[in-house]
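What follows is the content of start23.cif, which has mmCIF, C-alpha atoms:
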data_input
#
loop_
_atom_site.group_PDB
_atom_site.id
_atom_site.type_symbol
_atom_site.label_atom_id
_atom_site.label_comp_id
_atom_site.auth_asym_id
_atom_site.auth_seq_id
_atom_site.Cartn_x
_atom_site.Cartn_y
_atom_site.Cartn_z
ATOM 1 C CA ARG A 1 100.735 52.274 22.032
ATOM 2 C CA ASN A 2 100.686 49.619 19.303
ATOM 3 C CA ILE A 3 100.012 46.883 21.866
ATOM 4 C CA LEU A 4 97.574 43.994 21.548
ATOM 5 C CA ILE A 5 96.510 42.145 24.705
ATOM 6 C CA ALA A 6 95.250 38.561 24.561
ATOM 7 C CA GLY A 7 93.706 36.257 27.160
ATOM 8 C CA CYS A 8 94.319 32.527 26.739
ATOM 9 C CA SER A 9 92.763 29.265 27.882
ATOM 10 C CA ASP A 10 96.036 28.287 29.604
ATOM 11 C CA GLY A 11 95.513 31.154 32.058
ATOM 12 C CA THR A 12 98.032 33.510 30.470
ATOM 13 C CA ILE A 13 97.557 37.149 29.487
ATOM 14 C CA LYS A 14 99.988 38.250 26.797
ATOM 15 C CA HIS A 15 100.969 41.739 25.663
ATOM 16 C CA TRP A 16 102.016 41.713 22.001
ATOM 17 C CA HIS A 17 103.842 44.451 20.098
ATOM 18 C CA VAL A 18 101.815 44.599 16.891
ATOM 19 C CA THR A 19 104.516 45.892 14.533
ATOM 20 C CA SER A 20 107.280 43.513 15.582
ATOM 21 C CA GLN A 21 104.847 40.666 16.432
ATOM 22 C CA LYS A 22 106.810 39.991 19.607
ATOM 23 C CA CYS A 23 105.342 39.058 22.985
ATOM 24 C CA MET A 24 106.435 41.815 25.366
ATOM 25 C CA HIS A 25 105.046 40.448 28.655
ATOM 26 C CA THR A 26 103.156 37.441 30.022
ATOM 27 C CA ILE A 27 101.008 37.252 33.158
ATOM 28 C CA THR A 28 99.807 33.855 34.398
ATOM 29 C CA GLU A 29 96.620 33.305 36.403
ATOM 30 C CA GLU A 30 97.411 29.901 37.880
ATOM 31 C CA GLY A 31 94.628 27.343 37.469
ATOM 32 C CA ASN A 32 92.439 29.726 35.488
ATOM 33 C CA GLN A 33 91.312 30.046 31.883
ATOM 34 C CA VAL A 34 90.970 33.652 30.705
ATOM 35 C CA TYR A 35 87.872 34.292 28.577
ATOM 36 C CA ALA A 36 87.391 38.071 28.828
ATOM 37 C CA LEU A 37 89.450 41.292 28.833
ATOM 38 C CA ASP A 38 88.760 45.010 28.794
ATOM 39 C CA TYR A 39 90.713 48.235 29.334
ATOM 40 C CA THR A 40 89.694 51.418 31.077
ATOM 41 C CA ALA A 41 89.235 54.329 28.661
ATOM 42 C CA ASP A 42 92.683 55.748 29.540
ATOM 43 C CA ALA A 43 94.312 52.282 29.265
ATOM 44 C CA SER A 44 95.794 52.608 32.766
ATOM 45 C CA HIS A 45 94.129 49.396 33.970
ATOM 46 C CA PHE A 46 92.620 46.263 32.442
ATOM 47 C CA ALA A 47 90.272 43.617 33.795
ATOM 48 C CA THR A 48 90.075 39.868 33.209
ATOM 49 C CA GLY A 49 87.441 37.212 33.760
ATOM 50 C CA GLY A 50 87.367 33.466 33.229
ATOM 51 C CA ARG A 51 86.765 29.982 34.536
ATOM 52 C CA ASP A 52 87.392 30.649 38.229
ATOM 53 C CA SER A 53 84.486 33.139 38.548
ATOM 54 C CA THR A 54 86.804 35.939 39.698
ATOM 55 C CA VAL A 55 87.278 39.367 38.119
ATOM 56 C CA ARG A 56 90.813 40.743 38.401
ATOM 57 C CA VAL A 57 91.916 44.331 37.741
ATOM 58 C CA TYR A 58 95.549 44.895 36.708
ATOM 59 C CA ASP A 59 97.735 47.973 36.642
ATOM 60 C CA GLU A 60 98.917 48.335 33.056
ATOM 61 C CA ALA A 61 102.189 50.039 33.966
ATOM 62 C CA THR A 62 103.351 47.466 36.541
ATOM 63 C CA LYS A 63 101.447 44.446 35.132
ATOM 64 C CA THR A 64 100.419 43.527 38.691
ATOM 65 C CA CYS A 65 96.983 42.613 40.035
ATOM 66 C CA ALA A 66 95.593 45.655 41.831
ATOM 67 C CA LEU A 67 92.217 44.178 42.787
ATOM 68 C CA SER A 68 90.571 40.753 42.921
ATOM 69 C CA LEU A 69 86.777 40.679 42.929
ATOM 70 C CA GLY A 70 85.806 37.322 44.356
ATOM 71 C CA SER A 71 83.130 34.875 43.360
ATOM 72 C CA SER A 72 79.943 34.141 45.273
ATOM 73 C CA PHE A 73 81.562 30.927 46.538
ATOM 74 C CA ASP A 74 82.975 33.279 49.170
ATOM 75 C CA ARG A 75 80.033 33.512 51.553
ATOM 76 C CA HIS A 76 81.069 37.013 52.597
ATOM 77 C CA ALA A 77 80.849 38.437 49.059
ATOM 78 C CA VAL A 78 78.380 38.882 46.231
ATOM 79 C CA GLY A 79 79.748 37.847 42.857
ATOM 80 C CA HIS A 80 79.684 35.213 40.145
ATOM 81 C CA SER A 81 79.026 31.530 40.745
ATOM 82 C CA SER A 82 80.190 30.282 37.342
ATOM 83 C CA ARG A 83 82.432 31.162 34.399
ATOM 84 C CA ILE A 84 82.786 34.780 33.306
ATOM 85 C CA PHE A 85 82.723 35.454 29.565
ATOM 86 C CA SER A 86 82.626 39.247 29.339
ATOM 87 C CA VAL A 87 83.963 42.238 31.294
ATOM 88 C CA LYS A 88 83.351 45.887 30.440
ATOM 89 C CA PHE A 89 84.530 49.139 32.012
ATOM 90 C CA ASP A 90 82.229 52.166 31.935
ATOM 91 C CA PRO A 91 84.008 54.562 29.512
ATOM 92 C CA GLY A 92 82.820 57.544 31.550
ATOM 93 C CA ASN A 93 83.547 56.108 34.995
ATOM 94 C CA PRO A 94 86.634 53.897 35.388
ATOM 95 C CA ALA A 95 85.495 52.850 38.867
ATOM 96 C CA CYS A 96 82.442 51.117 37.342
ATOM 97 C CA LEU A 97 83.119 47.644 35.946
ATOM 98 C CA LEU A 98 80.567 45.159 34.604
ATOM 99 C CA SER A 99 80.955 41.397 34.217
ATOM 100 C CA ALA A 100 78.676 38.612 32.980
ATOM 101 C CA GLY A 101 78.713 34.892 32.315
ATOM 102 C CA TRP A 102 77.095 31.499 32.748
ATOM 103 C CA ASP A 103 75.358 32.232 36.067
ATOM 104 C CA ASN A 104 72.700 34.434 34.376
ATOM 105 C CA THR A 105 73.859 37.591 36.148
ATOM 106 C CA VAL A 106 75.551 40.841 35.247
ATOM 107 C CA GLN A 107 77.571 42.052 38.215
ATOM 108 C CA ILE A 108 78.138 45.808 38.564
ATOM 109 C CA TRP A 109 81.339 46.428 40.533
ATOM 110 C CA ASP A 110 82.609 49.570 42.227
ATOM 111 C CA THR A 111 86.384 49.153 42.097
ATOM 112 C CA ARG A 112 86.852 51.839 44.762
ATOM 113 C CA GLU A 113 84.867 49.750 47.241
ATOM 114 C CA GLY A 114 86.056 46.419 45.849
ATOM 115 C CA ARG A 115 82.593 44.869 45.736
ATOM 116 C CA SER A 116 79.515 44.265 43.610
ATOM 117 C CA VAL A 117 77.016 47.049 44.253
ATOM 118 C CA ARG A 118 74.236 45.734 42.026
ATOM 119 C CA SER A 119 73.264 42.659 40.035
ATOM 120 C CA ILE A 120 71.182 42.271 36.900
ATOM 121 C CA TRP A 121 69.550 38.871 36.611
ATOM 122 C CA GLY A 122 68.409 37.202 33.391
ATOM 123 C CA ALA A 123 71.182 37.351 30.781
ATOM 124 C CA HIS A 124 73.004 34.102 29.897
ATOM 125 C CA VAL A 125 76.261 35.503 28.514
ATOM 126 C CA CYS A 126 78.623 33.049 26.799
ATOM 127 C CA GLY A 127 80.895 35.419 24.863
ATOM 128 C CA ASP A 128 81.764 39.074 24.329
ATOM 129 C CA SER A 129 78.124 40.119 24.433
ATOM 130 C CA LEU A 130 78.086 42.783 27.150
ATOM 131 C CA ASP A 131 78.299 46.518 26.464
ATOM 132 C CA LEU A 132 77.457 49.829 28.095
ATOM 133 C CA ASN A 133 76.308 53.160 26.662
ATOM 134 C CA GLY A 134 75.690 55.805 29.301
ATOM 135 C CA THR A 135 73.199 54.186 31.676
ATOM 136 C CA THR A 136 72.038 51.529 29.201
ATOM 137 C CA VAL A 137 73.471 48.013 29.429
ATOM 138 C CA LEU A 138 73.334 45.698 26.404
ATOM 139 C CA THR A 139 73.397 41.903 26.783
ATOM 140 C CA GLY A 140 73.319 39.117 24.221
ATOM 141 C CA SER A 141 72.350 35.682 25.527
ATOM 142 C CA TRP A 142 73.096 32.204 24.196
ATOM 143 C CA ARG A 143 69.518 30.967 24.023
ATOM 144 C CA PRO A 144 66.850 30.575 21.316
ATOM 145 C CA THR A 145 64.517 33.372 22.489
ATOM 146 C CA GLU A 146 64.855 36.768 24.214
ATOM 147 C CA GLN A 147 68.490 36.889 23.126
ATOM 148 C CA LEU A 148 69.034 40.649 22.904
ATOM 149 C CA GLN A 149 68.109 42.889 25.855
ATOM 150 C CA LEU A 150 68.660 46.424 27.169
ATOM 151 C CA TRP A 151 68.876 47.133 30.907
ATOM 152 C CA ASP A 152 69.042 50.190 33.153
ATOM 153 C CA LEU A 153 72.406 50.458 34.900
ATOM 154 C CA GLY A 154 71.011 52.325 37.916
ATOM 155 C CA SER A 155 68.092 50.086 38.790
ATOM 156 C CA GLY A 156 69.081 46.798 37.159
ATOM 157 C CA GLU A 157 65.642 46.613 35.555
ATOM 158 C CA MET A 158 65.120 45.560 31.945
ATOM 159 C CA ILE A 159 64.294 48.452 29.603
ATOM 160 C CA GLU A 160 63.271 46.397 26.579
ATOM 161 C CA GLN A 161 63.706 43.270 24.512
ATOM 162 C CA VAL A 162 65.156 43.807 21.044
ATOM 163 C CA PRO A 163 63.294 41.226 18.887
ATOM 164 C CA TRP A 164 65.633 39.078 16.793
ATOM 165 C CA GLY A 165 63.000 38.233 14.194
ATOM 166 C CA GLY A 166 62.668 35.197 11.949
ATOM 167 C CA ALA A 167 60.883 33.106 14.567
ATOM 168 C CA HIS A 168 58.272 31.948 12.051
ATOM 169 C CA SER A 169 60.639 31.400 9.120
ATOM 170 C CA GLY A 170 61.348 27.771 9.997
ATOM 171 C CA ARG A 171 65.053 28.552 10.455
ATOM 172 C CA GLU A 172 67.061 27.463 13.454
ATOM 173 C CA PRO A 173 67.175 30.271 16.050
ATOM 174 C CA CYS A 174 70.327 32.335 16.538
ATOM 175 C CA GLN A 175 71.919 32.000 19.984
ATOM 176 C CA LEU A 176 74.245 34.916 20.639
ATOM 177 C CA TYR A 177 77.959 34.977 21.404
ATOM 178 C CA GLY A 178 78.562 38.623 20.477
ATOM 179 C CA ALA A 179 76.675 41.917 20.948
ATOM 180 C CA GLN A 180 78.067 45.476 20.877
ATOM 181 C CA PHE A 181 76.941 49.089 20.587
ATOM 182 C CA SER A 182 78.404 51.149 17.753
ATOM 183 C CA LYS A 183 81.207 53.535 18.704
ATOM 184 C CA GLY A 184 81.291 57.336 18.888
ATOM 185 C CA GLY A 185 78.480 59.887 18.812
ATOM 186 C CA ALA A 186 75.016 58.704 19.757
ATOM 187 C CA ARG A 187 75.931 55.004 19.359
ATOM 188 C CA ASP A 188 72.668 54.408 17.544
ATOM 189 C CA TRP A 189 73.390 50.885 16.280
ATOM 190 C CA ILE A 190 73.743 47.396 17.741
ATOM 191 C CA ALA A 191 75.625 44.520 16.105
ATOM 192 C CA ALA A 192 74.952 40.967 17.297
ATOM 193 C CA GLY A 193 75.635 37.445 16.096
ATOM 194 C CA GLY A 194 75.903 33.836 17.168
ATOM 195 C CA SER A 195 75.442 30.171 16.351
ATOM 196 C CA GLY A 196 72.486 28.100 15.230
ATOM 197 C CA SER A 197 71.372 30.134 12.225
ATOM 198 C CA ASN A 198 74.917 31.646 12.124
ATOM 199 C CA GLU A 199 73.544 35.146 11.584
ATOM 200 C CA VAL A 200 74.910 38.625 12.126
ATOM 201 C CA LYS A 201 72.397 41.455 12.376
ATOM 202 C CA ILE A 202 72.665 45.244 12.653
ATOM 203 C CA PHE A 203 69.853 46.865 14.627
ATOM 204 C CA SER A 204 68.673 50.463 14.693
ATOM 205 C CA ARG A 205 68.026 51.528 18.266
ATOM 206 C CA ALA A 206 65.577 54.163 17.037
ATOM 207 C CA LYS A 207 63.556 51.736 14.908
ATOM 208 C CA LYS A 208 64.025 48.815 17.314
ATOM 209 C CA SER A 209 64.478 46.509 14.328
ATOM 210 C CA ALA A 210 67.175 44.978 12.143
ATOM 211 C CA VAL A 211 68.402 47.056 9.184
ATOM 212 C CA GLY A 212 70.909 44.533 7.857
ATOM 213 C CA MET A 213 71.664 40.815 8.096
ATOM 214 C CA LEU A 214 74.330 38.378 6.891
ATOM 215 C CA THR A 215 74.496 34.588 7.199
ATOM 216 C CA MET A 216 77.920 33.131 7.903
ATOM 217 C CA PRO A 217 79.111 29.607 6.971
ATOM 218 C CA LYS A 218 79.692 28.786 10.658
ATOM 219 C CA GLY A 219 78.876 30.327 14.039
ATOM 220 C CA VAL A 220 79.787 33.908 14.950
ATOM 221 C CA TYR A 221 81.949 34.042 18.072
ATOM 222 C CA GLY A 222 82.889 37.712 18.284
ATOM 223 C CA LEU A 223 82.342 41.085 16.630
ATOM 224 C CA ASP A 224 83.206 44.736 17.043
ATOM 225 C CA PHE A 225 82.584 48.095 15.374
ATOM 226 C CA ALA A 226 85.397 50.164 13.915
ATOM 227 C CA ASN A 227 85.977 53.451 15.747
ATOM 228 C CA ASN A 228 84.644 55.368 12.719
ATOM 229 C CA GLY A 229 81.437 53.319 12.766
ATOM 230 C CA LYS A 230 81.631 52.392 9.086
ATOM 231 C CA THR A 231 82.598 48.727 9.374
ATOM 232 C CA VAL A 232 82.115 45.723 11.639
ATOM 233 C CA ALA A 233 84.688 42.952 12.177
ATOM 234 C CA ILE A 234 83.183 39.470 12.570
ATOM 235 C CA ALA A 235 85.053 36.426 13.941
ATOM 236 C CA VAL A 236 83.578 33.224 12.494
ATOM 237 C CA GLY A 237 84.013 29.551 13.333
ATOM 238 C CA ASP A 238 85.793 28.867 10.031
ATOM 239 C CA SER A 239 88.896 30.606 11.481
ATOM 240 C CA THR A 240 88.266 33.734 9.395
ATOM 241 C CA VAL A 241 87.727 37.337 10.465
ATOM 242 C CA ARG A 242 85.484 39.194 8.022
ATOM 243 C CA VAL A 243 85.208 42.979 7.806
ATOM 244 C CA VAL A 244 81.847 44.172 6.498
ATOM 245 C CA ALA A 245 80.509 47.622 5.736
ATOM 246 C CA MET A 246 77.557 49.004 7.635
ATOM 247 C CA PRO A 247 74.140 48.804 5.911
ATOM 248 C CA VAL A 248 72.756 51.536 3.648
ATOM 249 C CA ALA A 249 70.377 52.618 6.431
ATOM 250 C CA ALA A 250 73.343 53.556 8.610
ATOM 251 C CA THR A 251 75.910 54.948 6.187
ATOM 252 C CA GLY A 252 74.361 55.182 2.748
ATOM 253 C CA GLU A 253 76.604 52.326 1.592
ATOM 254 C CA ALA A 254 75.689 48.748 0.777
ATOM 255 C CA VAL A 255 76.669 45.789 2.993
ATOM 256 C CA THR A 256 79.900 44.250 1.677
ATOM 257 C CA GLY A 257 82.439 41.873 3.119
ATOM 258 C CA SER A 258 86.098 40.900 2.862
#
For the structure just supplied, provide its representation as structure tokens.
Amino acid sequence: RNILIAGCSDGTIKHWHVTSQKCMHTITEEGNQVYALDYTADASHFATGGRDSTVRVYDEATKTCALSLGSSFDRHAVGHSSRIFSVKFDPGNPACLLSAGWDNTVQIWDTREGRSVRSIWGAHVCGDSLDLNGTTVLTGSWRPTEQLQLWDLGSGEMIEQVPWGGAHSGREPCQLYGAQFSKGGARDWIAAGGSGSNEVKIFSRAKKSAVGMLTMPKGVYGLDFANNGKTVAIAVGDSTVRVVAMPVAATGEAVTGS
């Protein structure tokens, strides 16, 4: 569709036409700051999250709010009690929506019922560091230890910690703002990065260890895999987006950047 959607700290959600670079539509969430966005797999709906602790689901065609999933400040609902920094639809089930943020919870919403059906406790999410692959949930937390974790969607129980490494190197720890599964196929890789040591690492899920690492000049605030799985885009605090190739262990090619 050649459309880019952006959430802004002034509470606006803007649809941009990429080729013409024109803003096609603006939605305003009064009094809110929008920190997170995600589309359903068929792009028929998108969700937002932000400062007001509420997840909203919009109809893409009409640009209207179809569902508002309230915060836990509403005593009759289970939800978030602080800012939301990541939302993620289940690619295989558009009625399943995950959200996470400062309150150390991942909320699992059923949009058909309009409520949270399960909570995962323990992840301190401060950026786009929530992802889902089948029944495995990935979280990256902004903290010096136990940053990268895998959880079971059905039970909410932790499956395993993915060790960051470097704890005895004398370097400042890396506190995560971004964590994502690779795209397509078995999704065998995890990319994660953050501030502190300003590192980006690629992990093999099979080996449960890092297979590649880069140090950035400033903190890493977002990242994502290309659909073909060969490159990773990294948003860095020096106002630059870098595109790097996957490590030799994943593609047979060396790590490079641009």
Output check: residues returned by the PyMOL selection byres ((chain A and resi 219-236) around 10), as number ranges by chain: A: 126-129, 174-185, 187, 189-200, 202, 215-218, 237-247, 250-251, 253, 255-258
If we count only C-alpha atoms and set the cut-off at 7 Å, which residues sit around region 67-70 of chain A, ignoring sequence neighbours fewer than 5 positions away in its own chain? Please answer as a short mmCIF file (atom, residue, chain, number, x, y, z; two decimals) with C-alpha atoms, keeping the file's coordinate frame.
data_model
loop_
_atom_site.label_atom_id
_atom_site.label_comp_id
_atom_site.auth_asym_id
_atom_site.auth_seq_id
_atom_site.Cartn_x
_atom_site.Cartn_y
_atom_site.Cartn_z
CA THR A 54 86.80 35.94 39.70
CA VAL A 55 87.28 39.37 38.12
CA ARG A 56 90.81 40.74 38.40
CA VAL A 57 91.92 44.33 37.74
CA TYR A 58 95.55 44.90 36.71
CA ALA A 77 80.85 38.44 49.06
CA GLY A 79 79.75 37.85 42.86
CA GLY A 114 86.06 46.42 45.85
CA ARG A 115 82.59 44.87 45.74
#
Output check: residues returned by the PyMOL selection byres ((chain A and resi 8) around 12), as number ranges by chain: A: 5-7, 9-15, 26-37, 48-51
Atom pair CA of Thr145 (chain A) / CA of Glu160 (chain A): separation (Å):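 Between these atoms lies a distance of 13.7 Å.
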Region 125-130 of chain A, all listed atoms, 5 Å padding on each side: what axis-aligned box centre and edge lengths in Å to one decimal come out, as lines of an AutoDock Vina configuration file?
center_x = 79.0
center_y = 37.9
center_z = 26.4
size_x = 15.5
size_y = 19.7
size_z = 14.2
Chain and number of each residue from the PyMOL selection byres ((chain A and resi 101) around 12), as a VMD selection string: chain A and resid 35 to 36 49 to 55 71 79 to 87 98 to 100 102 to 107 120 to 130 139 to 142 177
Pairwise distance for CA of Ser155 (chain A) and CA of Phe46 (chain A), rounded to one decimal in Å: 25.6 Å
Distance of CA of Gly92 (chain A) from CA of Asp131 (chain A), expressed in Å to one decimal place: 13.0 Å
Nearest-residue call for Lys88 (chain A), choices A:Asp188, A:Glu172, A:Asp152, A:Asp38, using all atoms listed in the file: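 Closest to Lys88 (chain A), using all atoms listed in the file: A:Asp38.
Distance annotation: of A:Glu60, A:Ala47, A:Ala210, A:Cys65, the residue with the minimal separation from Arg1 (chain A) is A:Glu60; atom set is all atoms listed in the file.
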Could you pull the residues within 6 Å of Thr40 (chain A), counting only C-alpha atoms, minus those fewer than 4 positions along the same chain, as an mmCIF file with C-alpha atoms, keeping the file's coordinate frame?
data_model
loop_
_atom_site.group_PDB
_atom_site.id
_atom_site.type_symbol
_atom_site.label_atom_id
_atom_site.label_comp_id
_atom_site.auth_asym_id
_atom_site.auth_seq_id
_atom_site.Cartn_x
_atom_site.Cartn_y
_atom_site.Cartn_z
ATOM 1 C CA HIS A 45 94.129 49.396 33.970
ATOM 2 C CA PHE A 89 84.530 49.139 32.012
ATOM 3 C CA PRO A 94 86.634 53.897 35.388
#
